[in-house]
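What follows is the content of target-v3.txt, which has compact mmCIF, C-alpha atoms and all ligand atoms:
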# COMPACT_ATOMS: atom_id res chain seq x y z
CA MET A 27 -17.27 16.39 -14.48
CA PRO A 28 -17.03 19.78 -12.73
CA ALA A 29 -13.93 21.88 -13.52
CA THR A 30 -12.91 21.84 -9.85
CA ARG A 31 -12.89 18.60 -7.91
CA ARG A 32 -12.96 18.78 -4.13
CA LEU A 33 -10.20 16.76 -2.47
CA VAL A 34 -9.82 15.43 1.07
CA ILE A 35 -6.32 14.40 2.23
CA LEU A 36 -6.14 11.92 5.11
CA GLY A 37 -2.71 11.59 6.69
CA ALA A 38 -1.74 15.08 5.51
CA THR A 39 1.38 15.29 7.69
CA GLY A 40 2.81 11.90 6.65
CA THR A 41 5.24 11.17 3.79
CA VAL A 42 2.57 10.72 1.08
CA GLY A 43 0.32 13.51 2.39
CA VAL A 44 3.17 16.03 2.38
CA GLN A 45 4.23 14.98 -1.13
CA ALA A 46 0.62 15.34 -2.34
CA LEU A 47 0.38 18.89 -0.98
CA GLU A 48 3.74 19.76 -2.55
CA ILE A 49 2.83 18.44 -5.98
CA LEU A 50 -0.55 20.24 -5.87
CA ALA A 51 1.15 23.50 -4.85
CA SER A 52 3.66 23.26 -7.69
CA SER A 53 1.26 22.44 -10.54
CA ALA A 54 -1.88 24.04 -11.97
CA SER A 55 -4.17 21.38 -10.51
CA PRO A 56 -7.95 21.62 -10.85
CA LEU A 57 -8.26 20.10 -7.35
CA GLU A 58 -9.39 22.11 -4.36
CA VAL A 59 -8.27 20.77 -0.97
CA VAL A 60 -11.36 21.05 1.26
CA ALA A 61 -10.29 18.94 4.25
CA LEU A 62 -7.15 17.53 5.86
CA SER A 63 -6.59 15.04 8.63
CA ALA A 64 -3.60 14.01 10.72
CA HIS A 65 -2.98 11.72 13.63
CA SER A 66 -1.62 13.62 16.64
CA ARG A 67 0.61 16.12 14.75
CA ALA A 68 -1.58 19.14 15.49
CA THR A 69 1.02 21.85 14.75
CA GLU A 70 2.00 20.38 11.38
CA LEU A 71 -1.68 19.89 10.49
CA ALA A 72 -2.47 23.54 11.22
CA ALA A 73 0.34 24.60 8.85
CA ALA A 74 -0.45 22.08 6.06
CA GLY A 75 -2.42 22.94 2.91
CA PRO A 76 -4.80 25.84 2.25
CA ALA A 77 -5.86 27.89 5.29
CA LYS A 78 -9.60 27.51 4.59
CA ALA A 79 -9.56 23.67 4.49
CA GLN A 80 -11.34 21.89 7.33
CA ARG A 81 -8.99 20.04 9.70
CA PHE A 82 -9.49 16.83 11.66
CA LEU A 83 -7.12 15.51 14.29
CA THR A 84 -7.82 11.80 14.73
CA SER A 85 -5.95 11.12 17.98
CA ASP A 86 -9.06 12.39 19.75
CA SER A 87 -11.86 9.81 19.46
CA ASP A 88 -14.67 12.42 19.14
CA GLN A 89 -12.79 14.16 16.35
CA ASP A 90 -12.33 10.75 14.75
CA SER A 91 -16.08 10.17 14.51
CA ASP A 92 -16.40 13.74 13.21
CA LEU A 93 -14.10 12.75 10.37
CA LEU A 94 -16.06 9.57 9.61
CA ARG A 95 -19.29 11.58 9.58
CA PHE A 96 -17.72 14.16 7.27
CA LEU A 97 -16.52 11.42 4.90
CA ARG A 98 -19.96 9.73 4.83
CA GLU A 99 -21.66 13.03 3.95
CA GLY A 100 -19.68 13.06 0.69
CA ALA A 101 -19.19 16.81 0.16
CA TYR A 102 -16.08 16.12 -1.99
CA GLU A 103 -15.28 14.14 -5.13
CA ILE A 104 -12.05 12.42 -4.15
CA CYS A 105 -10.32 11.33 -0.97
CA LEU A 106 -6.59 10.61 -0.78
CA ASN A 107 -6.23 8.05 1.99
CA ALA A 108 -2.60 8.24 3.12
CA VAL A 109 -3.19 7.01 6.66
CA VAL A 110 -0.61 4.46 7.81
CA GLY A 111 -1.75 0.97 8.81
CA ALA A 112 -5.03 -0.77 9.54
CA ALA A 113 -6.40 2.47 11.03
CA GLY A 114 -7.01 3.65 7.44
CA LEU A 115 -9.69 1.06 6.64
CA PRO A 116 -12.80 2.78 8.13
CA TYR A 117 -12.02 5.95 6.15
CA THR A 118 -11.80 4.11 2.83
CA GLU A 119 -15.10 2.43 3.61
CA ALA A 120 -16.74 5.74 4.57
CA ALA A 121 -15.58 7.52 1.37
CA LEU A 122 -16.67 4.68 -0.92
CA SER A 123 -20.03 4.44 0.89
CA ALA A 124 -20.57 8.08 -0.08
CA GLY A 125 -19.84 7.19 -3.73
CA CYS A 126 -16.62 9.25 -3.72
CA ASP A 127 -13.43 8.19 -5.49
CA VAL A 128 -10.53 7.06 -3.33
CA ALA A 129 -6.87 7.60 -4.24
CA LEU A 130 -5.56 4.80 -2.09
CA ALA A 131 -2.11 4.99 -0.53
CA ASN A 132 -3.35 3.02 2.49
CA LYS A 133 -2.73 -0.44 1.05
CA GLU A 134 -3.95 -2.01 4.30
CA SER A 135 -7.52 -1.14 3.28
CA LEU A 136 -7.28 -3.66 0.42
CA VAL A 137 -5.07 -6.12 2.28
CA LEU A 138 -7.61 -6.27 5.12
CA ALA A 139 -10.90 -5.95 3.28
CA GLY A 140 -10.23 -5.99 -0.47
CA GLY A 141 -13.26 -8.14 -1.29
CA LEU A 142 -15.69 -5.97 0.68
CA LEU A 143 -14.26 -2.67 -0.60
CA THR A 144 -14.10 -3.55 -4.30
CA GLU A 145 -17.71 -4.76 -4.08
CA LEU A 146 -18.73 -1.54 -2.33
CA ALA A 147 -16.92 0.61 -4.93
CA ALA A 148 -18.71 -1.23 -7.77
CA GLN A 149 -22.10 -0.80 -6.04
CA GLN A 150 -21.53 2.92 -5.49
CA GLY A 151 -19.95 3.62 -8.88
CA ALA A 152 -16.79 4.89 -7.15
CA ASN A 153 -13.20 4.38 -8.32
CA ILE A 154 -10.40 3.00 -6.19
CA VAL A 155 -7.24 4.39 -7.82
CA PRO A 156 -4.08 2.91 -6.31
CA VAL A 157 -1.23 5.18 -5.19
CA ASP A 158 1.06 2.22 -4.48
CA SER A 159 3.63 2.60 -7.29
CA GLU A 160 3.36 -0.99 -8.58
CA HIS A 161 -0.44 -0.97 -8.69
CA SER A 162 -0.44 2.50 -10.19
CA ALA A 163 1.78 1.05 -12.93
CA ILE A 164 -0.66 -1.81 -13.58
CA HIS A 165 -3.58 0.65 -13.49
CA GLN A 166 -1.82 2.90 -16.02
CA CYS A 167 -1.21 -0.08 -18.32
CA LEU A 168 -4.95 -0.82 -18.37
CA PRO A 169 -6.89 2.07 -19.94
CA GLY A 170 -9.12 0.44 -22.54
CA GLY A 171 -7.75 -2.95 -21.52
CA LYS A 172 -10.06 -4.59 -19.04
CA PRO A 173 -8.68 -6.77 -16.22
CA LYS A 174 -10.22 -9.80 -17.98
CA ASP A 175 -7.66 -9.36 -20.77
CA ILE A 176 -4.76 -9.91 -18.34
CA ARG A 177 -2.83 -13.20 -18.50
CA GLN A 178 -0.51 -12.30 -15.63
CA ILE A 179 1.14 -9.32 -14.00
CA PHE A 180 4.69 -8.76 -12.80
CA LEU A 181 5.06 -6.68 -9.64
CA THR A 182 8.59 -5.35 -9.38
CA ALA A 183 10.50 -5.11 -6.09
CA SER A 184 13.79 -3.43 -5.24
CA GLY A 185 14.68 -6.25 -2.86
CA GLY A 186 15.02 -3.83 0.06
CA ALA A 187 17.96 -2.89 2.24
CA LEU A 188 19.19 -6.47 2.81
CA ARG A 189 19.12 -7.77 -0.75
CA ASP A 190 22.89 -8.31 -0.90
CA LEU A 191 23.30 -9.68 2.61
CA PRO A 192 23.88 -13.47 2.72
CA SER A 193 20.75 -15.21 4.10
CA SER A 194 22.88 -16.68 6.90
CA LYS A 195 23.43 -13.15 8.28
CA LEU A 196 19.74 -12.15 8.45
CA ALA A 197 19.41 -13.32 12.08
CA ALA A 198 21.85 -10.64 13.27
CA VAL A 199 20.34 -7.71 11.33
CA THR A 200 19.74 -4.51 13.35
CA PRO A 201 16.85 -2.06 12.84
CA ALA A 202 19.31 0.54 11.47
CA GLN A 203 20.54 -1.90 8.78
CA ALA A 204 17.00 -2.87 7.75
CA LEU A 205 15.94 0.81 7.63
CA ALA A 206 18.60 1.79 5.04
CA HIS A 207 16.51 1.43 1.86
CA PRO A 208 18.52 1.69 -1.39
CA ASN A 209 15.95 3.50 -3.60
CA TRP A 210 12.83 4.75 -1.84
CA ASP A 211 12.45 7.22 1.00
CA MET A 212 9.49 5.94 3.04
CA GLY A 213 8.19 5.53 6.58
CA PRO A 214 9.86 3.01 9.00
CA ARG A 215 7.28 0.21 8.85
CA ILE A 216 7.13 0.03 5.05
CA THR A 217 10.94 0.16 4.88
CA ILE A 218 11.20 -2.88 7.20
CA ASP A 219 8.42 -4.55 5.19
CA SER A 220 10.49 -3.87 2.10
CA ALA A 221 13.55 -5.57 3.66
CA THR A 222 11.54 -8.71 4.55
CA MET A 223 9.52 -8.33 1.32
CA MET A 224 6.35 -8.58 3.41
CA ASN A 225 5.45 -5.35 1.62
CA LYS A 226 5.46 -7.28 -1.67
CA ALA A 227 3.38 -10.02 -0.04
CA PHE A 228 0.79 -7.34 0.82
CA GLU A 229 1.02 -6.01 -2.73
CA VAL A 230 0.20 -9.48 -4.07
CA ILE A 231 -2.97 -9.41 -1.93
CA GLU A 232 -3.69 -5.82 -2.99
CA ALA A 233 -3.34 -6.73 -6.70
CA ARG A 234 -5.51 -9.79 -6.22
CA TRP A 235 -8.43 -7.56 -5.22
CA LEU A 236 -7.79 -4.46 -7.33
CA PHE A 237 -7.47 -6.35 -10.61
CA ASP A 238 -9.52 -9.45 -9.73
CA LEU A 239 -6.63 -11.88 -10.29
CA ALA A 240 -5.93 -15.37 -8.98
CA ASP A 241 -2.82 -15.87 -6.84
CA HIS A 242 -0.97 -17.70 -9.66
CA GLU A 243 -1.57 -14.78 -12.07
CA ILE A 244 0.57 -12.47 -9.92
CA LYS A 245 4.36 -12.74 -10.30
CA VAL A 246 7.12 -10.87 -8.48
CA LEU A 247 10.48 -9.81 -9.94
CA ILE A 248 13.47 -8.22 -8.23
CA HIS A 249 14.28 -5.09 -10.21
CA ARG A 250 17.10 -3.24 -8.46
CA GLN A 251 16.78 0.08 -10.27
CA SER A 252 13.09 0.68 -9.32
CA ILE A 253 12.43 2.24 -12.74
CA VAL A 254 9.96 -0.28 -14.21
CA HIS A 255 7.19 -0.02 -11.62
CA SER A 256 5.30 -3.09 -12.88
CA MET A 257 4.27 -4.92 -16.05
CA VAL A 258 1.14 -6.51 -17.48
CA GLU A 259 1.07 -9.45 -19.86
CA PHE A 260 -2.20 -9.60 -21.81
CA ILE A 261 -3.96 -12.73 -23.11
CA ASP A 262 -2.43 -12.15 -26.57
CA GLY A 263 1.08 -12.29 -25.07
CA SER A 264 1.71 -8.56 -25.50
CA MET A 265 3.25 -6.80 -22.49
CA LEU A 266 3.07 -3.23 -21.21
CA ALA A 267 5.25 -1.67 -18.54
CA GLN A 268 5.13 1.70 -16.79
CA LEU A 269 8.45 3.43 -16.12
CA GLY A 270 9.62 6.42 -14.10
CA PRO A 271 12.00 7.56 -11.37
CA PRO A 272 11.43 6.06 -7.90
CA ASP A 273 9.43 9.01 -6.57
CA MET A 274 5.95 8.68 -5.05
CA SER A 275 4.99 12.09 -6.47
CA PHE A 276 4.26 10.38 -9.81
CA PRO A 277 1.66 7.83 -8.65
CA ILE A 278 0.16 10.43 -6.29
CA HIS A 279 -0.27 12.94 -9.14
CA TYR A 280 -1.75 10.25 -11.43
CA ALA A 281 -4.23 8.97 -8.82
CA LEU A 282 -5.42 12.45 -7.83
CA HIS A 283 -6.23 13.44 -11.41
CA PHE A 284 -7.47 10.12 -12.86
CA PRO A 285 -9.21 9.65 -15.32
CA GLN A 286 -7.47 12.75 -16.71
CA ARG A 287 -3.75 13.37 -17.14
CA LYS A 288 -2.65 16.79 -15.94
CA ALA A 289 0.63 18.58 -16.55
CA SER A 290 3.13 18.45 -13.69
CA PRO A 291 6.64 19.83 -13.19
CA LEU A 292 7.93 16.27 -12.56
CA GLN A 293 10.70 15.10 -14.87
CA GLY A 294 10.66 11.65 -16.45
CA PHE A 295 13.69 9.39 -16.15
CA ASP A 296 16.54 9.50 -18.64
CA PRO A 297 16.61 6.19 -20.59
CA VAL A 298 20.29 6.72 -21.41
CA LEU A 299 21.26 6.97 -17.73
CA PHE A 300 19.16 3.91 -16.88
CA SER A 301 19.98 1.83 -19.94
CA ASN A 302 20.84 -1.21 -17.83
CA LEU A 303 17.57 -2.45 -16.33
CA THR A 304 17.79 -5.88 -14.67
CA PHE A 305 15.18 -8.40 -13.53
CA GLU A 306 15.72 -11.43 -11.28
CA GLU A 307 13.53 -14.13 -9.76
CA PRO A 308 13.24 -13.53 -6.00
CA ASP A 309 14.95 -16.10 -3.75
CA LEU A 310 12.22 -17.45 -1.47
CA GLU A 311 14.80 -18.61 1.09
CA HIS A 312 16.08 -15.04 1.43
CA TYR A 313 12.53 -13.67 1.39
CA PRO A 314 10.28 -16.27 3.09
CA ALA A 315 7.67 -13.54 3.72
CA LEU A 316 6.87 -13.40 0.02
CA ALA A 317 5.29 -16.87 0.07
CA LEU A 318 2.84 -15.64 2.74
CA GLY A 319 1.38 -13.17 0.21
CA TRP A 320 0.38 -15.87 -2.25
CA ARG A 321 -0.85 -18.03 0.64
CA ALA A 322 -3.08 -15.21 1.96
CA ALA A 323 -4.27 -14.29 -1.56
CA LYS A 324 -5.33 -17.90 -2.07
CA LEU A 325 -7.00 -18.19 1.35
CA GLY A 326 -8.93 -14.91 0.90
CA GLY A 327 -11.48 -14.03 3.62
CA ASP A 328 -9.75 -12.81 6.76
CA ALA A 329 -6.21 -13.97 5.82
CA GLY A 330 -5.02 -10.53 4.72
CA ALA A 331 -6.26 -8.96 7.97
CA VAL A 332 -4.50 -11.65 10.02
CA LEU A 333 -1.23 -11.25 8.11
CA ASN A 334 -1.21 -7.45 8.28
CA ALA A 335 -1.97 -7.32 12.01
CA ALA A 336 0.73 -9.91 12.76
CA ASP A 337 3.24 -7.89 10.76
CA GLU A 338 2.36 -4.57 12.43
CA ILE A 339 3.00 -6.06 15.87
CA ALA A 340 6.12 -7.97 14.81
CA VAL A 341 7.75 -5.00 13.02
CA GLU A 342 7.16 -2.79 16.06
CA ALA A 343 8.78 -5.43 18.30
CA PHE A 344 11.74 -5.69 15.88
CA LEU A 345 12.22 -1.90 15.86
CA GLN A 346 12.25 -2.03 19.68
CA GLU A 347 14.88 -4.80 19.41
CA ARG A 348 12.64 -7.28 21.23
CA ILE A 349 12.71 -9.88 18.42
CA SER A 350 15.13 -10.77 15.61
CA PHE A 351 14.66 -9.89 11.95
CA PRO A 352 13.69 -13.47 10.87
CA ASP A 353 11.21 -13.62 13.79
CA ILE A 354 9.04 -11.06 11.94
CA THR A 355 8.24 -13.55 9.17
CA ARG A 356 8.11 -16.56 11.52
CA LEU A 357 5.48 -14.86 13.69
CA CYS A 358 3.45 -13.82 10.63
CA ALA A 359 3.49 -17.40 9.27
CA ALA A 360 2.39 -18.73 12.66
CA ALA A 361 -0.48 -16.22 12.82
CA LEU A 362 -1.63 -17.15 9.31
CA GLU A 363 -1.80 -20.82 10.33
CA SER A 364 -3.46 -20.19 13.73
CA CYS A 365 -5.76 -17.16 13.44
CA CYS A 366 -7.72 -17.45 10.15
CA LYS A 367 -11.41 -18.26 10.31
CA GLY A 368 -12.16 -17.73 6.61
CA PHE A 369 -15.17 -15.77 5.28
CA VAL A 370 -15.72 -12.11 6.24
CA ALA A 371 -19.24 -10.67 5.96
CA ASP A 372 -18.43 -7.10 7.00
CA ILE A 373 -15.81 -4.75 8.41
CA ALA A 374 -16.59 -5.92 11.96
CA ASP A 375 -15.46 -9.45 10.98
CA VAL A 376 -12.27 -7.97 9.52
CA LEU A 377 -11.52 -6.00 12.68
CA GLU A 378 -12.16 -9.11 14.78
CA ALA A 379 -9.59 -11.07 12.73
CA ASP A 380 -7.18 -8.14 13.12
CA ALA A 381 -7.62 -8.18 16.93
CA ARG A 382 -7.30 -11.98 17.09
CA SER A 383 -4.00 -11.89 15.22
CA ARG A 384 -2.60 -8.98 17.27
CA ALA A 385 -3.38 -10.82 20.52
CA PHE A 386 -1.80 -14.03 19.19
CA VAL A 387 1.44 -12.35 18.06
CA THR A 388 1.71 -10.23 21.22
CA ALA A 389 1.49 -13.43 23.32
CA GLU A 390 4.05 -15.19 21.09
CA ILE A 391 6.48 -12.27 21.48
CA SER A 392 6.15 -12.30 25.23
CA ASN A 393 6.85 -16.09 25.15
CA LEU A 394 9.96 -15.44 23.04
CA SER A 395 11.32 -12.82 25.40
CA HIS A 396 10.72 -15.04 28.45
CA SER A 397 12.31 -18.16 26.98
MG MG B 1 4.69 -0.44 -3.54
Show how you would write the structure in this file as structure tokens.
Amino acid sequence: MPATRRLVILGATGTVGVQALEILASSASPLEVVALSAHSRATELAAAGPAKAQRFLTSDSDQDSDLLRFLREGAYEICLNAVVGAAGLPYTEAALSAGCDVALANKESLVLAGGLLTELAAQQGANIVPVDSEHSAIHQCLPGGKPKDIRQIFLTASGGALRDLPSSKLAAVTPAQALAHPNWDMGPRITIDSATMMNKAFEVIEARWLFDLADHEIKVLIHRQSIVHSMVEFIDGSMLAQLGPPDMSFPIHYALHFPQRKASPLQGFDPVLFSNLTFEEPDLEHYPALALGWRAAKLGGDAGAVLNAADEIAVEAFLQERISFPDITRLCAAALESCCKGFVADIADVLEADARSRAFVTAEISNLSHS
């Protein structure tokens, strides 16, 4: 492995992209940032990262194909994909096609096309290293332990902003209430997805592909302190957990430097301060969205793409106060029952399922607002 690894950061002006640039600037990293991309924030992009890095603004469609071409040429070793939403999928595919490692913060890539991408990564000898904190935890519990040695995994969840609200009050929840996350500072969509626990549903799908697990081998626990990021139980009954403060800088730093560990200025958590760590079974009546994750993981094929697209449209409508909070999950469940066609042969099939689900949910929302 060369001493310097060339790094591309996609979504450089977003929450994860900014944190990645900060952690690289504050540690003696062997990574050289060679390219950056952003969607529409041209001024911030110009100011982000090293001056000599190439920059791509993806709001312009020509520039967008320039970026895909650049990624396919593979003049870098690792790509951090921190694009938000389904728009991130083509970039993950392009980087893996070039045989380059992907530090994946764009969970939608795996939710939409996990089967296709993990197969592609294996063919090309490329690593997909998750940046999602729970999957990073599982990944960190696995060196030397192969996925086949896993009996089950436990993804932890904070429970989101509405965890202490009685279920009977969910119908009246406002966007501001759902956006007040207790532990993590994240973008608006993922914060709403955390309140419904649709985010955890996506993480079940993500884990299913990353670690080649069956739906029933993936468990979810409410862990209010967000210190234990996830746990693995091995076939011999032994369990490993990964712990740390709720700060995305940790999984970002790990993913960027894998398979090595590099020094960082980040401080671990103080076990004395956090001596009371609690775990609870999630209440599926309070979090009906969670069941959709296992359902989609079991269905496979285009189910993840359908679920994600339905949620993107529904969350946007909720933030615009066009639908109620419980409508988000209702619309996603309806899309999962109505829009799945099963097997996906390629990314085009995935994008077709995505479009089908978006059209379905958009029509359902307009029915709701006219009734
Ligand atoms: Mg997560």
Contacts of segment 157-168 of chain A at 8 Å or less, counting all atoms listed in the file, minus same-chain residues fewer than 5 places along, as a VMD selection string?
chain A and resid 129 to 131 133 173 179 181 to 182 229 233 255 to 258 266 to 269 274 277 to 278 280 to 281
Enumerate, as a PyMOL selection string, the protein, DNA and RNA residues whose atoms approach (-9.8, -19.1, 9.8) to within 9 Å, taking into account only C-alpha atoms and the coordinate frame of the file.
chain A and resi 325+327-329+362-369+379
Would you save the residues of that selection, restricted to C-alpha atoms, as a PDB file, in the frame of the given file?
ATOM      1  CA  LEU A 325      -7.000 -18.190   1.350  1.00  0.00           C
ATOM      2  CA  GLY A 327     -11.480 -14.030   3.620  1.00  0.00           C
ATOM      3  CA  ASP A 328      -9.750 -12.810   6.760  1.00  0.00           C
ATOM      4  CA  ALA A 329      -6.210 -13.970   5.820  1.00  0.00           C
ATOM      5  CA  LEU A 362      -1.630 -17.150   9.310  1.00  0.00           C
ATOM      6  CA  GLU A 363      -1.800 -20.820  10.330  1.00  0.00           C
ATOM      7  CA  SER A 364      -3.460 -20.190  13.730  1.00  0.00           C
ATOM      8  CA  CYS A 365      -5.760 -17.160  13.440  1.00  0.00           C
ATOM      9  CA  CYS A 366      -7.720 -17.450  10.150  1.00  0.00           C
ATOM     10  CA  LYS A 367     -11.410 -18.260  10.310  1.00  0.00           C
ATOM     11  CA  GLY A 368     -12.160 -17.730   6.610  1.00  0.00           C
ATOM     12  CA  PHE A 369     -15.170 -15.770   5.280  1.00  0.00           C
ATOM     13  CA  ALA A 379      -9.590 -11.070  12.730  1.00  0.00           C
TER      14      ALA A 379
END
Might you pull out every residue within 8 Å of Gly100 of chain A, with all atoms listed in the file counted and same-chain residues fewer than 6 positions away left off, and present them as a list of chain:residue names?
A:Ala121, A:Ala124, A:Gly125, A:Cys126
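Here the question is which of A:Asn209, A:Gln286, A:Ser350, A:Ser193 gets nearest to ligand MG 1 (chain B) using all atoms listed in the file, and that residue is A:Asn209.
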How many Å lie between atom CA of Asn153 of chain A and atom CA of Ala374 of chain A, rounded to one decimal?
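Value for the atom CA of Asn153 of chain A-atom CA of Ala374 of chain A distance: 23.0 Å.
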Near-Ala381 of chain A list (9 Å; only C-alpha atoms; drop same-chain fewer than 4 positions) as a list of chain:residue names
A:Val332, A:Ala335, A:Val376, A:Leu377, A:Ala385, A:Phe386
